[in-house]
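Inspection log for the structure reproduced underneath, given as structure tokens.
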Amino acid sequence: MQRLPAIILASMLAGACVATPPPVVQPADARTNALACRSASVTIAFDFEGASQSRCTIEDERAFSILVSPEHAPPINPSAWYAFRYEAAPGPDVAITLRYLDSEHRYRPKREVGGEWQLLETEVAEDDRSARFTLPPGAGVVAGQEIYAGVRYAALIERLDRSNQTRRVVLGRSHEGRPIDALEIGDASAPNVVVLLGRAHPPEVTGALAMEAFLVRLVELVEAGSLEGRGIRFLAVPSLNPDGVARGHWRANLGATDLNRDWGRFAQPETRSVKSWLDSLPTNHRPIALVDFHSTQRDVFYTIPPELPTVPAQFTERWLDAIGARVPEFEVRRSPGHTSGSGVAKNWFYETYSIPAVTFEIGDETDRDLIAKVARAAAEAMIERLVEADLTVPGE
């Protein structure tokens with residue numbers, strides 16, 4: 001996992017030249033060509049997977065504005081995503097101004113340099129509706145967060161599926177036909193299922209980094225026999241919204257829906273695919289916990305209020321305590337709450353199964369090494385808590 005430095009000054013980047021191409025996996029079409037800018041010496045383009053649906057305008061030979069706008073009407077908790085590539089001939093630095101429609105500046109600009117993502121020094125307007133930075137001559141990718149798209153998910157699934165403790169499952173297809181990939185981890189006949197979800201919201205890359213590290217460690221622990229004989233397996237869905245990720249959406253899938261408001265409605269194929277898998281479980285099999293990985297402005301765990309009963313009882317409190325004990329430099333903030341019928345995964349899983357359910361939120365700018373450390377600790381602590389948990393359902 002590459003560490004993101006606190007800040008990289010523009011003067012440190014002035015002589016750098018980046019030749020690493022962006023992950024071009026979707027062909028350029030009329031839409032992406034229309035959004036691009038080309039002056040005599042500079043090209044700004046949005047023609048790769050994860051690029052934003054932004055529009056570029058030319059202010060001068062080496063000065064450009066990028067309008068950062070959502071894929072539909074202003075979404076809940078807007079995540080103003082932008083990602084583009086540039087090519088600049090030798091000459092002065094290129095000036096970029098981000099202008100936000102229906103939102104404010106959230107993600108600090110990052111430029112990919114030799115495989116690492118580095119922060120760019122940025123001037124943000126007082127009203128947070130615009131931000132300005134410069135880029136040196138050369139070529140590269142600039143984005144609000146690291147690009148974590150389909151190619152990386154495919155590599156993760158392939159890597160983990162080499163284990164004799166995992167099985168790849170295609171739960172369904174997105175609006176554009178992309179697979180909703182999942183991994184079953186552990187004994188295929190185990191009746192108790194822990195559900196792990198990720199990437200409902202495309203810009204939430206730190207949550208994706210956490211889930212990746214969590215899954216790698218989890219598979220290691222299951223391979224080592226940590227859950228042998230306990231009757232527990234996992235269903236992991238790392239990328240619930242592959243269309244939104246590919247198209248650089250702020251929040252929604254291709255059905256203009258926030259997938260973390262669709263649980264219970266199941267109007268979208270992505271959430272419906274998970275529900276269909278759950279419905280296919282034998283009558284004596286059931287979910288026993290949910291963890292849904294996301295990102296927000298700070299690290300926080302959204303939990304079911306401790307006064308509401310769950311089976312297993314007090315699992316969340318003990319799990320989070322154990323994470324804090326393993327990584328004392330990480331503040332385990334808790335935000336309990338429950339709103340019936342909200343369409344949020346955490347709430348739906350609790351309402352449906354009376355199980356512990358947690359939204360695992362990682363801060364946008366949390367140190368990437370710390371993210372990996374916390375995620376690994378979370379996997380270890382979860383295994384320990386599952387081993388000691390009483391999974392008996394009252395009345396059964």
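So you can find residues: chains in the structure tokens are A, B, ... in the order shown, residues in each start at 1, and ligands are numbered from 1 in order.
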I'd like the neighbourhood of region 237-246 of chain A as a PyMOL selection string, where a residue qualifies if any of its atoms comes within 8 Å (using only C-alpha atoms), though same-chain residues fewer than 6 positions away should be ignored.
chain A and resi 49-51+149-150+153+174-176+178-183+196-203+208+211-212+252-254+259+270-271
Residue neighbourhood Lys373 (chain A), 9 Å, only C-alpha atoms, exclusion window fewer than 6 positions, as a PyMOL selection string:
chain A and resi 210+213+327
Identify, on the basis of only C-alpha atoms, every residue whose closest approach to region 275-286 of chain A does not exceed 7 Å; exclude the query and any residue fewer than 5 positions from it along the same chain; express the result as a PDB file with all heavy atoms, in the first residue's frame.
ATOM      1  N   LEU A 171     -22.898 -12.680  -8.438  1.00  0.00           N
ATOM      2  CA  LEU A 171     -24.243 -12.579  -7.869  1.00  0.00           C
ATOM      3  C   LEU A 171     -25.271 -12.103  -8.876  1.00  0.00           C
ATOM      4  O   LEU A 171     -26.458 -12.427  -8.774  1.00  0.00           O
ATOM      5  CB  LEU A 171     -24.226 -11.612  -6.681  1.00  0.00           C
ATOM      6  CG  LEU A 171     -23.292 -11.946  -5.520  1.00  0.00           C
ATOM      7  CD1 LEU A 171     -23.426 -10.890  -4.431  1.00  0.00           C
ATOM      8  CD2 LEU A 171     -23.590 -13.336  -4.964  1.00  0.00           C
ATOM      9  N   PRO A 191     -23.514 -22.585   8.248  1.00  0.00           N
ATOM     10  CA  PRO A 191     -24.829 -21.933   8.246  1.00  0.00           C
ATOM     11  C   PRO A 191     -24.815 -20.461   8.632  1.00  0.00           C
ATOM     12  O   PRO A 191     -25.780 -19.755   8.360  1.00  0.00           O
ATOM     13  CB  PRO A 191     -25.603 -22.743   9.282  1.00  0.00           C
ATOM     14  CG  PRO A 191     -24.552 -23.234  10.233  1.00  0.00           C
ATOM     15  CD  PRO A 191     -23.333 -23.492   9.403  1.00  0.00           C
ATOM     16  N   ASN A 192     -23.739 -19.986   9.249  1.00  0.00           N
ATOM     17  CA  ASN A 192     -23.681 -18.611   9.744  1.00  0.00           C
ATOM     18  C   ASN A 192     -22.840 -17.758   8.794  1.00  0.00           C
ATOM     19  O   ASN A 192     -21.668 -18.080   8.551  1.00  0.00           O
ATOM     20  CB  ASN A 192     -23.087 -18.577  11.154  1.00  0.00           C
ATOM     21  CG  ASN A 192     -23.881 -19.416  12.128  1.00  0.00           C
ATOM     22  OD1 ASN A 192     -25.055 -19.145  12.390  1.00  0.00           O
ATOM     23  ND2 ASN A 192     -23.260 -20.462  12.657  1.00  0.00           N
ATOM     24  N   VAL A 193     -23.441 -16.672   8.291  1.00  0.00           N
ATOM     25  CA  VAL A 193     -22.802 -15.886   7.232  1.00  0.00           C
ATOM     26  C   VAL A 193     -22.559 -14.453   7.710  1.00  0.00           C
ATOM     27  O   VAL A 193     -23.490 -13.774   8.160  1.00  0.00           O
ATOM     28  CB  VAL A 193     -23.674 -15.861   5.963  1.00  0.00           C
ATOM     29  CG1 VAL A 193     -22.965 -15.084   4.848  1.00  0.00           C
ATOM     30  CG2 VAL A 193     -24.006 -17.274   5.505  1.00  0.00           C
TER      31      VAL A 193
END
As a PyMOL selection string, which residues of region 184-365 of chain A does DSSP assign to strand (DSSP E)?
chain A and resi 184-186+192-198+232-237+286-296+300-303+334-336+357-363
Skip region 62-77 of chain A itself and residues of its chain fewer than 3 positions away, then list as an NGL selection string all residues within 9 Å of it, counting only C-alpha atoms.
:A and (37 or 39-42 or 44 or 52-59 or 80-82 or 88 or 91-103 or 134 or 248-252 or 254 or 256 or 258)
N, CA, C and O atoms of the current selection, written as a short mmCIF file (atom, residue, chain, number, x, y, z; two decimals), in the first residue's frame:
data_model
loop_
_atom_site.label_atom_id
_atom_site.label_comp_id
_atom_site.auth_asym_id
_atom_site.auth_seq_id
_atom_site.Cartn_x
_atom_site.Cartn_y
_atom_site.Cartn_z
N CYS A 37 -10.52 18.92 -23.50
CA CYS A 37 -9.96 20.21 -23.93
C CYS A 37 -8.64 19.96 -24.63
O CYS A 37 -7.82 19.15 -24.15
N SER A 39 -5.60 22.47 -26.35
CA SER A 39 -4.98 23.67 -26.89
C SER A 39 -3.80 23.23 -27.74
O SER A 39 -3.59 22.03 -27.95
N ALA A 40 -2.99 24.17 -28.21
CA ALA A 40 -1.85 23.81 -29.06
C ALA A 40 -0.82 22.96 -28.32
O ALA A 40 -0.11 22.17 -28.93
N SER A 41 -0.76 23.09 -26.98
CA SER A 41 0.30 22.41 -26.24
C SER A 41 -0.19 21.53 -25.10
O SER A 41 0.62 20.83 -24.46
N VAL A 42 -1.49 21.53 -24.82
CA VAL A 42 -2.00 20.79 -23.67
C VAL A 42 -3.29 20.05 -24.04
O VAL A 42 -4.14 20.60 -24.76
N ILE A 44 -6.45 17.89 -22.04
CA ILE A 44 -7.13 17.43 -20.84
C ILE A 44 -8.20 16.45 -21.30
O ILE A 44 -9.02 16.79 -22.16
N SER A 52 -13.95 11.38 -14.34
CA SER A 52 -15.21 12.03 -13.96
C SER A 52 -15.98 12.51 -15.19
O SER A 52 -15.42 12.65 -16.28
N GLN A 53 -17.25 12.76 -14.97
CA GLN A 53 -18.10 13.32 -16.02
C GLN A 53 -18.06 14.84 -15.92
O GLN A 53 -19.08 15.50 -15.74
N SER A 54 -16.86 15.36 -16.01
CA SER A 54 -16.65 16.80 -15.90
C SER A 54 -16.52 17.40 -17.29
O SER A 54 -16.27 16.71 -18.26
N ARG A 55 -16.69 18.71 -17.35
CA ARG A 55 -16.52 19.41 -18.62
C ARG A 55 -15.37 20.40 -18.49
O ARG A 55 -15.28 21.12 -17.50
N CYS A 56 -14.52 20.40 -19.50
CA CYS A 56 -13.33 21.26 -19.50
C CYS A 56 -13.54 22.45 -20.45
O CYS A 56 -14.14 22.30 -21.51
N THR A 57 -13.05 23.60 -20.04
CA THR A 57 -13.04 24.78 -20.91
C THR A 57 -11.64 25.38 -20.90
O THR A 57 -10.92 25.31 -19.90
N ILE A 58 -11.26 25.98 -22.02
CA ILE A 58 -9.93 26.56 -22.18
C ILE A 58 -9.98 28.03 -21.81
O ILE A 58 -10.74 28.80 -22.40
N GLU A 59 -9.18 28.43 -20.83
CA GLU A 59 -9.09 29.83 -20.44
C GLU A 59 -7.93 30.52 -21.13
O GLU A 59 -7.96 31.72 -21.38
N ALA A 80 -17.88 15.30 -4.43
CA ALA A 80 -17.57 15.98 -5.70
C ALA A 80 -16.31 15.38 -6.33
O ALA A 80 -15.20 15.88 -6.18
N TRP A 81 -16.51 14.32 -7.08
CA TRP A 81 -15.42 13.55 -7.68
C TRP A 81 -14.94 14.18 -8.98
O TRP A 81 -15.74 14.64 -9.80
N TYR A 82 -13.65 14.17 -9.17
CA TYR A 82 -13.05 14.57 -10.43
C TYR A 82 -11.84 13.68 -10.68
O TYR A 82 -11.15 13.24 -9.76
N ALA A 88 1.08 17.68 -21.43
CA ALA A 88 1.51 19.08 -21.61
C ALA A 88 2.91 19.10 -22.20
O ALA A 88 3.84 18.51 -21.64
N GLY A 91 7.20 23.74 -21.39
CA GLY A 91 6.78 25.12 -21.26
C GLY A 91 6.39 25.43 -19.83
O GLY A 91 6.73 24.68 -18.90
N PRO A 92 5.65 26.49 -19.60
CA PRO A 92 5.22 26.84 -18.23
C PRO A 92 4.30 25.78 -17.64
O PRO A 92 3.74 24.94 -18.35
N ASP A 93 4.14 25.85 -16.32
CA ASP A 93 3.18 24.96 -15.65
C ASP A 93 1.77 25.21 -16.19
O ASP A 93 1.44 26.30 -16.67
N VAL A 94 0.94 24.19 -16.08
CA VAL A 94 -0.45 24.27 -16.53
C VAL A 94 -1.33 24.62 -15.33
O VAL A 94 -1.25 23.96 -14.28
N ALA A 95 -2.16 25.65 -15.47
CA ALA A 95 -3.05 26.08 -14.40
C ALA A 95 -4.41 25.41 -14.55
O ALA A 95 -5.01 25.45 -15.63
N ILE A 96 -4.87 24.78 -13.48
CA ILE A 96 -6.16 24.10 -13.47
C ILE A 96 -7.04 24.73 -12.38
O ILE A 96 -6.62 24.87 -11.23
N THR A 97 -8.27 25.09 -12.74
CA THR A 97 -9.25 25.57 -11.77
C THR A 97 -10.43 24.61 -11.76
O THR A 97 -11.04 24.35 -12.79
N LEU A 98 -10.71 24.05 -10.60
CA LEU A 98 -11.90 23.21 -10.42
C LEU A 98 -13.05 24.11 -9.99
O LEU A 98 -12.93 24.87 -9.03
N ARG A 99 -14.16 24.03 -10.69
CA ARG A 99 -15.36 24.80 -10.34
C ARG A 99 -16.48 23.81 -10.06
O ARG A 99 -16.77 22.93 -10.87
N TYR A 100 -17.14 23.97 -8.93
CA TYR A 100 -18.10 22.98 -8.46
C TYR A 100 -19.54 23.41 -8.69
O TYR A 100 -19.92 24.53 -8.35
N LEU A 101 -20.31 22.51 -9.25
CA LEU A 101 -21.74 22.71 -9.43
C LEU A 101 -22.49 21.89 -8.40
O LEU A 101 -22.25 20.68 -8.27
N ASP A 102 -23.35 22.53 -7.63
CA ASP A 102 -24.17 21.84 -6.62
C ASP A 102 -23.33 21.14 -5.56
O ASP A 102 -23.73 20.10 -5.01
N SER A 103 -22.17 21.69 -5.25
CA SER A 103 -21.34 21.08 -4.23
C SER A 103 -20.22 22.02 -3.84
O SER A 103 -20.13 23.15 -4.35
N THR A 134 -1.52 23.91 -9.99
CA THR A 134 -0.76 23.86 -11.23
C THR A 134 -0.15 22.49 -11.41
O THR A 134 0.09 21.75 -10.46
N GLY A 248 -17.15 7.22 -13.10
CA GLY A 248 -16.76 8.36 -12.31
C GLY A 248 -17.92 9.10 -11.67
O GLY A 248 -17.93 10.32 -11.57
N HIS A 249 -18.92 8.36 -11.21
CA HIS A 249 -20.07 8.99 -10.55
C HIS A 249 -19.69 9.49 -9.16
O HIS A 249 -18.74 9.02 -8.54
N TRP A 250 -20.48 10.42 -8.66
CA TRP A 250 -20.32 10.92 -7.29
C TRP A 250 -20.89 9.95 -6.27
O TRP A 250 -20.33 9.73 -5.22
N ARG A 251 -22.04 9.39 -6.61
CA ARG A 251 -22.81 8.68 -5.57
C ARG A 251 -23.63 7.51 -6.12
O ARG A 251 -23.76 6.50 -5.47
N ALA A 252 -24.18 7.66 -7.31
CA ALA A 252 -25.23 6.76 -7.78
C ALA A 252 -24.70 5.66 -8.70
O ALA A 252 -23.58 5.70 -9.19
N LEU A 254 -25.91 3.44 -12.33
CA LEU A 254 -26.39 3.94 -13.62
C LEU A 254 -27.91 4.14 -13.62
O LEU A 254 -28.46 4.75 -14.53
N ALA A 256 -29.37 6.04 -11.55
CA ALA A 256 -29.56 7.32 -10.84
C ALA A 256 -30.04 7.11 -9.41
O ALA A 256 -30.83 7.88 -8.88
N ASP A 258 -28.83 6.14 -5.33
CA ASP A 258 -27.85 5.90 -4.28
C ASP A 258 -28.12 4.49 -3.75
O ASP A 258 -29.15 4.24 -3.12
#
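Shortest separation to Ile323 (chain A) among A:Asp367, A:Glu123, A:Glu384, A:Asp292 occurs at residue A:Glu384, atoms counted being only C-alpha atoms.
Nearest residue to Asp161 (chain A) among A:Val219, A:Ala375, A:Ile355, A:Val332 is A:Val219, counting only C-alpha atoms.
Closest approach to Glu112 (chain A) among A:Glu126, A:Glu146, A:Glu220, A:Glu351: A:Glu146, based on only C-alpha atoms.
From CA of Arg326 (chain A) back to CA of Pro312 (chain A), the distance works out to 22.1 Å.
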Can you pull out every residue within 12 Å of Asp390 (chain A), counting only C-alpha atoms, but drop anything in the same chain fewer than 6 positions away, and send it as a PDB file with C-alpha atoms, in the first residue's frame?
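Result file is around.pdb:
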ATOM      1  CA  ASN A 192     -23.681 -18.611   9.744  1.00  0.00           C
ATOM      2  CA  ARG A 230     -17.295 -22.854  14.051  1.00  0.00           C
ATOM      3  CA  GLY A 231     -19.847 -23.038  11.222  1.00  0.00           C
ATOM      4  CA  ILE A 288     -25.031 -13.113  11.629  1.00  0.00           C
ATOM      5  CA  THR A 310     -28.671  -8.142  18.508  1.00  0.00           C
ATOM      6  CA  VAL A 311     -27.722 -11.767  17.981  1.00  0.00           C
ATOM      7  CA  PRO A 312     -24.893 -12.276  18.742  1.00  0.00           C
ATOM      8  CA  ALA A 313     -25.222  -9.884  21.673  1.00  0.00           C
ATOM      9  CA  GLN A 314     -22.704  -7.047  22.214  1.00  0.00           C
ATOM     10  CA  PHE A 315     -20.660  -8.218  19.244  1.00  0.00           C
TER      11      PHE A 315
END
